[in-house]
$ cat data07.csv   # CSV, C-alpha atoms and all ligand atoms
chain,number,residue,atom,x,y,z
A,1,MET,CA,0.0,0.0,0.0
A,2,LYS,CA,1.2,3.5,-0.8
A,3,ASN,CA,2.3,5.7,2.1
A,4,LYS,CA,0.3,8.9,2.9
A,5,ILE,CA,1.9,12.2,1.9
A,6,ALA,CA,2.7,15.1,4.2
A,7,LEU,CA,4.0,18.6,3.2
A,8,VAL,CA,5.9,20.5,5.8
A,9,THR,CA,6.9,24.1,5.1
A,10,GLY,CA,10.0,25.5,6.9
A,11,ALA,CA,11.5,22.1,7.3
A,12,THR,CA,15.1,23.3,7.3
A,13,SER,CA,15.3,23.9,11.0
A,14,GLY,CA,13.5,24.0,14.4
A,15,ILE,CA,9.9,22.9,14.6
A,16,GLY,CA,9.5,22.1,10.9
A,17,TRP,CA,12.6,19.8,10.9
A,18,ALA,CA,11.3,17.9,14.0
A,19,CYS,CA,7.9,17.6,12.5
A,20,ALA,CA,9.3,16.3,9.2
A,21,LEU,CA,11.3,13.6,11.0
A,22,THR,CA,8.3,12.6,13.1
A,23,LEU,CA,6.1,12.3,10.1
A,24,ALA,CA,8.7,10.2,8.3
A,25,LYS,CA,8.9,8.0,11.4
A,26,LEU,CA,5.1,7.6,11.2
A,27,GLY,CA,5.5,6.4,7.6
A,28,TYR,CA,4.5,9.5,5.7
A,29,ASP,CA,6.3,10.3,2.4
A,30,LEU,CA,7.6,13.8,2.7
A,31,ILE,CA,7.5,17.0,0.8
A,32,ALA,CA,9.8,19.4,2.7
A,33,THR,CA,10.2,23.1,1.8
A,34,GLY,CA,12.5,25.9,2.8
A,35,ARG,CA,14.9,28.4,1.2
A,36,ARG,CA,18.1,26.5,2.3
A,37,ALA,CA,18.6,23.7,-0.2
A,38,ALA,CA,21.6,22.2,1.7
A,39,ARG,CA,19.6,21.8,4.9
A,40,LEU,CA,16.9,19.9,3.0
A,41,GLU,CA,19.6,17.5,1.7
A,42,GLU,CA,20.8,17.1,5.4
A,43,LEU,CA,17.2,16.3,6.3
A,44,ARG,CA,17.1,13.6,3.6
A,45,GLN,CA,20.1,11.9,5.2
A,46,GLU,CA,18.1,11.6,8.5
A,47,LEU,CA,15.1,9.9,7.0
A,48,PRO,CA,14.3,6.2,7.6
A,49,GLU,CA,14.5,3.8,4.7
A,50,GLY,CA,11.5,3.5,2.5
A,51,ILE,CA,10.3,7.0,2.9
A,52,ARG,CA,10.0,9.0,-0.4
A,53,PHE,CA,11.3,12.5,-0.2
A,54,LEU,CA,10.7,15.6,-2.3
A,55,PRO,CA,12.6,18.7,-1.3
A,56,LEU,CA,11.3,22.0,-2.7
A,57,VAL,CA,13.3,25.1,-2.4
A,58,PHE,CA,11.2,28.3,-2.6
A,59,ASP,CA,10.3,31.4,-0.6
A,60,VAL,CA,6.7,31.1,0.7
A,61,CYS,CA,6.1,34.8,0.0
A,62,ALA,CA,7.0,34.5,-3.7
A,63,ARG,CA,3.4,33.8,-4.9
A,64,GLU,CA,4.3,32.7,-8.5
A,65,GLU,CA,7.0,30.4,-7.1
A,66,VAL,CA,4.6,28.8,-4.7
A,67,GLU,CA,2.0,28.3,-7.4
A,68,ARG,CA,4.6,27.0,-9.8
A,69,TYR,CA,5.9,24.4,-7.4
A,70,LEU,CA,2.8,23.3,-5.6
A,71,ALA,CA,0.1,23.6,-8.3
A,72,ASN,CA,2.2,21.4,-10.6
A,73,LEU,CA,3.4,18.6,-8.4
A,74,PRO,CA,4.3,15.3,-10.1
A,75,SER,CA,1.2,13.1,-10.1
A,76,GLU,CA,2.7,10.7,-7.5
A,77,TRP,CA,3.1,13.6,-5.1
A,78,ALA,CA,-0.2,15.5,-5.8
A,79,SER,CA,-2.5,13.8,-3.2
A,80,ILE,CA,-1.3,15.5,-0.1
A,81,ASP,CA,-2.9,14.1,3.1
A,82,VAL,CA,-1.3,16.4,5.7
A,83,LEU,CA,-0.2,20.0,5.3
A,84,ILE,CA,1.9,21.6,8.1
A,85,ASN,CA,2.0,25.3,7.7
A,86,ASN,CA,5.1,26.0,9.8
A,87,ALA,CA,7.4,28.4,7.8
A,88,GLY,CA,7.6,31.7,9.6
A,89,ASN,CA,9.6,33.9,11.9
A,90,ALA,CA,9.7,37.1,13.9
A,91,HIS,CA,11.8,39.9,12.5
A,92,GLY,CA,12.8,42.5,15.1
A,93,LEU,CA,11.4,43.3,18.5
A,94,ASP,CA,10.8,47.0,18.5
A,95,PRO,CA,8.1,49.4,19.7
A,96,ILE,CA,5.6,50.3,17.0
A,97,GLN,CA,6.9,53.9,16.8
A,98,THR,CA,10.4,52.8,15.8
A,99,GLY,CA,9.6,49.6,14.0
A,100,ASN,CA,11.3,48.7,10.8
A,101,VAL,CA,8.9,48.6,7.8
A,102,ASP,CA,11.0,45.9,6.1
A,103,ASP,CA,10.6,43.7,9.2
A,104,TRP,CA,6.8,44.4,9.1
A,105,ASP,CA,6.6,43.4,5.5
A,106,ALA,CA,8.6,40.3,6.1
A,107,MET,CA,6.4,39.1,8.9
A,108,ILE,CA,3.1,39.8,7.1
A,109,ASP,CA,4.4,38.4,3.9
A,110,ILE,CA,5.9,35.2,5.3
A,111,ASN,CA,3.6,34.4,8.3
A,112,VAL,CA,0.3,35.4,6.8
A,113,LYS,CA,0.5,35.7,3.0
A,114,GLY,CA,2.9,32.8,2.6
A,115,LEU,CA,0.7,30.5,4.7
A,116,LEU,CA,-2.3,31.6,2.5
A,117,TYR,CA,-0.4,31.0,-0.8
A,118,VAL,CA,0.7,27.5,0.2
A,119,SER,CA,-2.8,26.6,1.6
A,120,LYS,CA,-4.5,27.8,-1.5
A,121,ALA,CA,-2.4,25.5,-3.6
A,122,ILE,CA,-3.0,22.4,-1.4
A,123,ILE,CA,-6.6,22.9,-0.3
A,124,SER,CA,-8.0,22.4,-3.8
A,125,GLY,CA,-6.9,18.8,-3.9
A,126,MET,CA,-8.1,18.2,-0.4
A,127,THR,CA,-11.6,19.5,-1.2
A,128,GLU,CA,-11.7,17.3,-4.4
A,129,ARG,CA,-10.9,14.2,-2.3
A,130,ASN,CA,-13.0,15.3,0.7
A,131,SER,CA,-10.1,14.5,3.0
A,132,GLY,CA,-7.0,16.1,4.5
A,133,HIS,CA,-5.5,17.5,7.7
A,134,ILE,CA,-4.1,21.0,8.0
A,135,ILE,CA,-2.0,22.0,11.0
A,136,ASN,CA,-1.1,25.7,11.3
A,137,ILE,CA,1.8,26.6,13.6
A,138,GLY,CA,0.6,29.8,15.3
A,139,SER,CA,2.0,31.1,18.6
A,140,ILE,CA,1.2,32.3,22.1
A,141,ALA,CA,1.8,35.6,20.2
A,142,GLY,CA,-1.5,34.8,18.4
A,143,LYS,CA,-3.4,34.6,21.6
A,144,GLU,CA,-1.8,37.5,23.5
A,145,ILE,CA,0.0,40.7,22.8
A,146,TYR,CA,3.3,41.5,24.5
A,147,PRO,CA,5.5,44.7,24.5
A,148,ASN,CA,7.3,45.3,21.2
A,149,GLY,CA,5.6,42.2,19.7
A,150,ASN,CA,3.1,44.4,17.8
A,151,VAL,CA,3.4,43.2,14.1
A,152,TYR,CA,4.6,39.6,14.9
A,153,CYS,CA,1.6,39.3,17.3
A,154,ALA,CA,-0.7,40.7,14.6
A,155,SER,CA,0.7,38.2,12.1
A,156,LYS,CA,0.1,35.3,14.5
A,157,HIS,CA,-3.4,36.6,15.5
A,158,ALA,CA,-4.0,36.4,11.7
A,159,VAL,CA,-2.8,32.8,11.7
A,160,ASP,CA,-5.3,32.0,14.5
A,161,ALA,CA,-8.1,33.7,12.6
A,162,LEU,CA,-7.2,31.9,9.4
A,163,THR,CA,-7.0,28.5,11.2
A,164,ASN,CA,-10.5,29.0,12.6
A,165,GLY,CA,-11.8,30.3,9.3
A,166,MET,CA,-10.4,27.3,7.5
A,167,ARG,CA,-12.0,24.9,9.9
A,168,ILE,CA,-15.4,26.5,9.3
A,169,ASP,CA,-15.1,26.7,5.5
A,170,LEU,CA,-13.6,23.2,5.1
A,171,ASN,CA,-16.1,21.6,7.4
A,172,PRO,CA,-18.4,20.4,4.5
A,173,PHE,CA,-15.4,18.5,3.1
A,174,GLY,CA,-14.4,16.6,6.3
A,175,ILE,CA,-11.0,18.3,6.4
A,176,LYS,CA,-9.4,18.5,9.8
A,177,VAL,CA,-7.9,21.9,10.7
A,178,MET,CA,-5.7,22.4,13.8
A,179,GLY,CA,-3.8,25.3,15.3
A,180,ILE,CA,-0.8,24.7,17.6
A,181,HIS,CA,0.3,27.8,19.5
A,182,PRO,CA,3.6,27.3,21.3
A,183,GLY,CA,5.2,29.6,23.8
A,184,LEU,CA,9.0,29.7,24.0
A,185,VAL,CA,10.7,27.0,21.9
A,186,GLU,CA,14.5,27.0,21.6
A,187,THR,CA,15.2,27.0,17.8
A,188,GLU,CA,16.8,29.4,15.3
A,189,PHE,CA,13.8,31.7,15.9
A,190,SER,CA,15.5,34.2,18.2
A,191,LEU,CA,18.6,34.2,16.0
A,192,VAL,CA,16.4,35.3,13.1
A,193,ARG,CA,14.4,37.8,15.2
A,194,PHE,CA,17.7,39.5,16.4
A,195,LYS,CA,19.3,39.3,13.0
A,196,GLY,CA,22.1,36.9,13.8
A,197,ASP,CA,23.0,38.3,17.3
A,198,SER,CA,23.6,34.9,18.9
A,199,GLN,CA,24.3,36.4,22.3
A,200,ARG,CA,21.1,38.3,22.5
A,201,ALA,CA,19.2,35.2,21.1
A,202,SER,CA,20.6,32.9,23.7
A,203,THR,CA,19.5,35.1,26.6
A,204,ILE,CA,15.9,34.4,25.7
A,205,TYR,CA,16.3,30.8,26.7
A,206,GLN,CA,18.4,31.3,29.8
A,207,GLY,CA,17.3,30.6,33.4
A,208,TYR,CA,14.5,28.1,32.7
A,209,GLN,CA,13.8,25.0,30.5
A,210,PRO,CA,12.2,26.2,27.2
A,211,LEU,CA,10.3,23.9,25.0
A,212,VAL,CA,12.3,22.0,22.3
A,213,ALA,CA,11.1,21.5,18.7
A,214,GLN,CA,10.3,17.8,19.4
A,215,ASP,CA,7.7,18.9,22.0
A,216,ILE,CA,5.7,20.4,19.1
A,217,ALA,CA,6.3,17.4,16.8
A,218,ASP,CA,5.0,15.1,19.6
A,219,ILE,CA,1.7,17.1,19.6
A,220,VAL,CA,1.6,16.8,15.8
A,221,GLU,CA,2.0,13.0,16.2
A,222,PHE,CA,-0.7,12.8,18.7
A,223,ALA,CA,-3.1,14.9,16.5
A,224,LEU,CA,-2.4,12.7,13.4
A,225,THR,CA,-2.9,9.5,15.2
A,226,ARG,CA,-6.4,10.3,16.5
A,227,PRO,CA,-9.3,8.4,15.0
A,228,PRO,CA,-11.2,10.0,12.0
A,229,HIS,CA,-13.9,11.5,14.1
A,230,VAL,CA,-11.5,13.5,16.3
A,231,VAL,CA,-9.8,16.8,15.6
A,232,LEU,CA,-7.6,18.6,18.0
A,233,ALA,CA,-8.8,22.1,17.1
A,234,ASP,CA,-6.6,24.4,19.1
A,235,VAL,CA,-3.6,23.7,21.4
A,236,VAL,CA,-1.6,26.2,23.4
A,237,VAL,CA,1.6,24.7,24.6
A,238,LEU,CA,4.0,26.4,27.0
A,239,PRO,CA,7.1,25.5,28.9
A,240,THR,CA,6.2,24.8,32.5
A,241,ALA,CA,8.1,27.9,33.5
A,242,GLN,CA,6.0,30.1,31.3
A,243,ALA,CA,2.5,31.2,32.5
A,244,SER,CA,1.7,33.7,29.7
A,245,ALA,CA,3.6,35.5,27.0
A,246,THR,CA,5.3,37.7,29.6
A,247,VAL,CA,5.2,35.7,32.8
A,248,ILE,CA,8.3,33.4,32.9
A,249,LYS,CA,9.8,32.0,36.1
A,250,LYS,CA,13.5,32.4,35.6
A,251,LYS,CA,16.3,31.4,38.0
A,252,LEU,CA,18.3,34.5,38.8
A,253,ASN,CA,22.1,34.3,38.1
A,254,PRO,CA,24.0,33.6,41.4
B,301,LIG,P1,13.3,28.5,12.9
B,301,LIG,O1,13.9,29.9,12.6
B,301,LIG,O2,14.2,27.5,13.5
B,301,LIG,O3,12.6,27.9,11.6
B,301,LIG,C1,11.9,28.7,10.7
B,301,LIG,C2,11.6,27.9,9.4
B,301,LIG,O4,10.8,28.7,8.6
B,301,LIG,C3,12.9,27.6,8.7
B,301,LIG,O5,12.8,26.3,8.2
B,301,LIG,C4,12.9,28.6,7.5
B,301,LIG,O6,13.5,28.0,6.4
B,301,LIG,C5,11.4,28.8,7.3
B,301,LIG,N1,11.1,30.1,6.6
B,301,LIG,C6,11.3,31.3,7.2
B,301,LIG,N2,11.0,32.2,6.3
B,301,LIG,C7,10.7,31.6,5.1
B,301,LIG,C8,10.4,32.0,3.8
B,301,LIG,N3,10.3,33.3,3.5
B,301,LIG,N4,10.1,31.1,2.9
B,301,LIG,C9,10.2,29.8,3.2
B,301,LIG,N5,10.5,29.3,4.4
B,301,LIG,C10,10.8,30.2,5.3
B,301,LIG,O7,12.1,28.8,13.9
B,301,LIG,P2,11.0,27.9,14.5
B,301,LIG,O8,11.2,26.5,14.1
B,301,LIG,O9,10.9,28.2,15.9
B,301,LIG,O10,9.7,28.5,13.8
B,301,LIG,C11,8.7,27.7,13.1
B,301,LIG,C12,7.3,28.3,13.3
B,301,LIG,O11,7.0,28.2,14.7
B,301,LIG,C13,7.2,29.7,12.9
B,301,LIG,O12,6.0,29.9,12.3
B,301,LIG,C14,7.3,30.5,14.2
B,301,LIG,O13,6.6,31.7,14.2
B,301,LIG,C15,6.5,29.5,15.1
B,301,LIG,N6,6.8,29.6,16.6
B,301,LIG,C16,8.0,29.5,17.1
B,301,LIG,C17,8.2,29.7,18.5
B,301,LIG,C18,9.5,29.7,19.1
B,301,LIG,O14,9.6,30.1,20.3
B,301,LIG,N7,10.6,29.2,18.5
B,301,LIG,C19,7.0,29.8,19.4
B,301,LIG,C20,5.8,29.9,18.7
B,301,LIG,C21,5.6,29.7,17.3
B,301,LIG,P3,14.6,28.8,5.5
B,301,LIG,O15,15.3,29.8,6.3
B,301,LIG,O16,15.4,27.7,5.0
B,301,LIG,O17,13.7,29.4,4.4
B,302,LIG,C1,7.4,32.7,19.4
B,302,LIG,C2,7.2,32.8,20.8
B,302,LIG,O1,6.9,34.6,22.7
B,302,LIG,O2,8.7,34.9,21.1
B,302,LIG,O3,6.2,32.8,18.7
B,302,LIG,O4,6.4,35.3,20.5
B,302,LIG,S1,7.3,34.5,21.3
$ encode --input "data07.csv" --output "structure tokens" --more "lines below"
Ligand code: NDP
Ligand code: 8X3
Amino acid sequence: MKNKIALVTGATSGIGWACALTLAKLGYDLIATGRRAARLEELRQELPEGIRFLPLVFDVCAREEVERYLANLPSEWASIDVLINNAGNAHGLDPIQTGNVDDWDAMIDINVKGLLYVSKAIISGMTERNSGHIINIGSIAGKEIYPNGNVYCASKHAVDALTNGMRIDLNPFGIKVMGIHPGLVETEFSLVRFKGDSQRASTIYQGYQPLVAQDIADIVEFALTRPPHVVLADVVVLPTAQASATVIKKKLNP
């Protein structure tokens, strides 16, 4: 019997990478996307035997590229069972009055428009087949607003709204739609947010145990292994040390 097919965006690092490996372990053939081709080849090396792999290198905000790659998939890859909309990042952490417009564009373009472009390309096949499972990676920033989070929070609130909208509109087709909203997860996220400043990035995860990417992949695994009549609609997951976007119990340095 043929394996099911999953597509994971942003599989070159962090949560997407962990989800890709977990899906492969569950026996899904894998379409993995990202802009860093070499990372996708590294991911290929980690896959268990017998899993087919299709790496696709494109920027999720380049609408024509997304359409070119995803609307014209080879027929053996076209029936996608699971879509994980994970690609995304924060760019900057500035008050609204001094925010960088290029950062704002990047966050809206990647986190919101990119998710929409990819979804549009994949949903048409799911509605034709009356089946599918879409998992959108939102954030605690999509449930709360924190100081200087402004546009990133807005982009993740949009992901939350789109997730709920998808679940409503796709209800007649039996398509499952889930949102996962993590708190602090140690990945390359803060390195990107702080534009390569690794010292500043590492301070975000000091003094407590943050989530790791596999914690999110474990939730994906649980969601995908529920019976057909069950959908996990909305999951907020935090490190135990985190009570809200801004309340984090950190050990003070001695
Ligand atoms: P990483 O920076 O480790 O991974 C981000 C992934 O997104 C990379 O694979 C990157 O691939 C991809 N990506 C970013 N921009 C683009 C783009 N324009 N086109 C295509 N792919 C892109 O961060 P995380 O794993 O932490 O982030 C994954 C998701 O989880 C994001 O949506 C993030 O907002 C969300 N999240 C993260 C949290 C955290 O604390 N880390 C908490 C809550 C949510 P490449 O650079 O190769 O293109
Ligand atoms: C990532 C978590 O708190 O940096 O979405 O916004 S946070």
$ closest_atom_pairs --input "data07.csv" --of "chain A" --to "ligand LIG 302 (chain B)" --cutoff "10 Å" --atoms "only C-alpha atoms and all ligand atoms" --output "JSON lines"
{"residue": "A:Gly88", "atom": "CA", "partner": "B:LIG302", "partner_atom": "O3", "distance": 9.3}
{"residue": "A:Asn89", "atom": "CA", "partner": "B:LIG302", "partner_atom": "O3", "distance": 7.7}
{"residue": "A:Ala90", "atom": "CA", "partner": "B:LIG302", "partner_atom": "O3", "distance": 7.3}
{"residue": "A:Leu93", "atom": "CA", "partner": "B:LIG302", "partner_atom": "O2", "distance": 9.2}
{"residue": "A:Ile137", "atom": "CA", "partner": "B:LIG302", "partner_atom": "O3", "distance": 9.2}
{"residue": "A:Gly138", "atom": "CA", "partner": "B:LIG302", "partner_atom": "O3", "distance": 7.2}
{"residue": "A:Ser139", "atom": "CA", "partner": "B:LIG302", "partner_atom": "O3", "distance": 4.5}
{"residue": "A:Ile140", "atom": "CA", "partner": "B:LIG302", "partner_atom": "O3", "distance": 6.1}
{"residue": "A:Ala141", "atom": "CA", "partner": "B:LIG302", "partner_atom": "O4", "distance": 4.6}
{"residue": "A:Gly142", "atom": "CA", "partner": "B:LIG302", "partner_atom": "O3", "distance": 8.0}
{"residue": "A:Lys143", "atom": "CA", "partner": "B:LIG302", "partner_atom": "O4", "distance": 9.9}
{"residue": "A:Glu144", "atom": "CA", "partner": "B:LIG302", "partner_atom": "O4", "distance": 9.0}
{"residue": "A:Ile145", "atom": "CA", "partner": "B:LIG302", "partner_atom": "O4", "distance": 8.7}
{"residue": "A:Tyr146", "atom": "CA", "partner": "B:LIG302", "partner_atom": "O1", "distance": 8.0}
{"residue": "A:Gly149", "atom": "CA", "partner": "B:LIG302", "partner_atom": "O4", "distance": 7.0}
{"residue": "A:Tyr152", "atom": "CA", "partner": "B:LIG302", "partner_atom": "O4", "distance": 7.3}
{"residue": "A:Cys153", "atom": "CA", "partner": "B:LIG302", "partner_atom": "O4", "distance": 7.0}
{"residue": "A:Lys156", "atom": "CA", "partner": "B:LIG302", "partner_atom": "O3", "distance": 7.8}
{"residue": "A:His181", "atom": "CA", "partner": "B:LIG302", "partner_atom": "O3", "distance": 7.8}
{"residue": "A:Pro182", "atom": "CA", "partner": "B:LIG302", "partner_atom": "C2", "distance": 6.6}
{"residue": "A:Gly183", "atom": "CA", "partner": "B:LIG302", "partner_atom": "C2", "distance": 4.8}
{"residue": "A:Leu184", "atom": "CA", "partner": "B:LIG302", "partner_atom": "C2", "distance": 4.8}
{"residue": "A:Val185", "atom": "CA", "partner": "B:LIG302", "partner_atom": "C2", "distance": 6.9}
{"residue": "A:Glu186", "atom": "CA", "partner": "B:LIG302", "partner_atom": "C2", "distance": 9.4}
{"residue": "A:Thr187", "atom": "CA", "partner": "B:LIG302", "partner_atom": "C1", "distance": 9.8}
{"residue": "A:Phe189", "atom": "CA", "partner": "B:LIG302", "partner_atom": "C1", "distance": 7.4}
{"residue": "A:Ser190", "atom": "CA", "partner": "B:LIG302", "partner_atom": "O2", "distance": 7.4}
{"residue": "A:Arg193", "atom": "CA", "partner": "B:LIG302", "partner_atom": "O2", "distance": 8.7}
{"residue": "A:Ile204", "atom": "CA", "partner": "B:LIG302", "partner_atom": "O2", "distance": 8.6}
{"residue": "A:Leu238", "atom": "CA", "partner": "B:LIG302", "partner_atom": "C2", "distance": 9.5}
{"residue": "A:Gln242", "atom": "CA", "partner": "B:LIG302", "partner_atom": "O1", "distance": 9.7}
{"residue": "A:Ser244", "atom": "CA", "partner": "B:LIG302", "partner_atom": "O1", "distance": 8.8}
{"residue": "A:Ala245", "atom": "CA", "partner": "B:LIG302", "partner_atom": "O1", "distance": 5.5}
{"residue": "A:Thr246", "atom": "CA", "partner": "B:LIG302", "partner_atom": "O1", "distance": 7.7}
$ closest_residue --input "data07.csv" --among "A:Asn3, A:Asn72, A:Asn130, A:Asn86" --to "ligand LIG 301 (chain B)" --atoms "only C-alpha atoms and all ligand atoms"
A:Asn86
$ atom_distance --input "data07.csv" --atom1 "atom CA of A:Asn148" --atom2 "atom CA of A:Thr12"
27.2 Å
$ residues_around --input "data07.csv" --residues "A:Leu21" --least-positions-apart "6" --cutoff "10 Å" --atoms "all atoms listed in the file" --output "list of chain:residue names"
A:Ala11, A:Gly27, A:Tyr28, A:Leu30, A:Leu43, A:Arg44, A:Glu46, A:Leu47, A:Pro48, A:Gln214, A:Ala217
$ closest_residue --input "data07.csv" --among "A:Leu224, A:Ser155, A:Ile122, A:Gln199" --to "A:Trp104" --atoms "all atoms listed in the file"
A:Ser155
$ axis_aligned_box --input "data07.csv" --around "ligand LIG 301 (chain B)" --padding-each-side "3 Å" --output "lines of an AutoDock Vina configuration file"
center_x = 10.5
center_y = 29.8
center_z = 11.6
size_x = 15.8
size_y = 13.0
size_z = 23.4
$ closest_residue --input "data07.csv" --among "A:Lys251, A:Arg63, A:Arg200, A:Lys176" --to "ligand LIG 301 (chain B)" --atoms "only C-alpha atoms and all ligand atoms"
A:Arg63
$ build_atoms --input "data07.csv" --residues "stretch 214-226 of chain A" --atoms "N, CA and C atoms" --output "tab-separated table (two decimals), in the frame of the given file"
chain	number	residue	atom	x	y	z
A	214	GLN	N	10.96	19.13	19.34
A	214	GLN	CA	10.30	17.80	19.40
A	214	GLN	C	9.03	17.83	20.22
A	215	ASP	N	8.96	18.75	21.20
A	215	ASP	CA	7.70	18.90	22.00
A	215	ASP	C	6.54	19.19	21.07
A	216	ILE	N	6.79	20.01	20.08
A	216	ILE	CA	5.70	20.40	19.10
A	216	ILE	C	5.43	19.22	18.19
A	217	ALA	N	6.50	18.59	17.74
A	217	ALA	CA	6.30	17.40	16.80
A	217	ALA	C	5.54	16.32	17.54
A	218	ASP	N	5.75	16.16	18.85
A	218	ASP	CA	5.00	15.10	19.60
A	218	ASP	C	3.50	15.43	19.57
A	219	ILE	N	3.16	16.70	19.64
A	219	ILE	CA	1.70	17.10	19.60
A	219	ILE	C	1.17	16.82	18.20
A	220	VAL	N	1.98	17.10	17.19
A	220	VAL	CA	1.60	16.80	15.80
A	220	VAL	C	1.31	15.28	15.68
A	221	GLU	N	2.22	14.49	16.23
A	221	GLU	CA	2.00	13.00	16.20
A	221	GLU	C	0.75	12.61	16.83
A	222	PHE	N	0.49	13.16	18.01
A	222	PHE	CA	-0.70	12.80	18.70
A	222	PHE	C	-1.97	13.19	17.90
A	223	ALA	N	-1.94	14.38	17.32
A	223	ALA	CA	-3.10	14.90	16.50
A	223	ALA	C	-3.33	13.94	15.32
A	224	LEU	N	-2.24	13.54	14.67
A	224	LEU	CA	-2.40	12.70	13.40
A	224	LEU	C	-2.77	11.30	13.71
A	225	THR	N	-2.61	10.87	14.94
A	225	THR	CA	-2.90	9.50	15.20
A	225	THR	C	-4.28	9.34	15.97
A	226	ARG	N	-5.06	10.45	16.01
A	226	ARG	CA	-6.40	10.30	16.50
A	226	ARG	C	-7.32	9.65	15.49
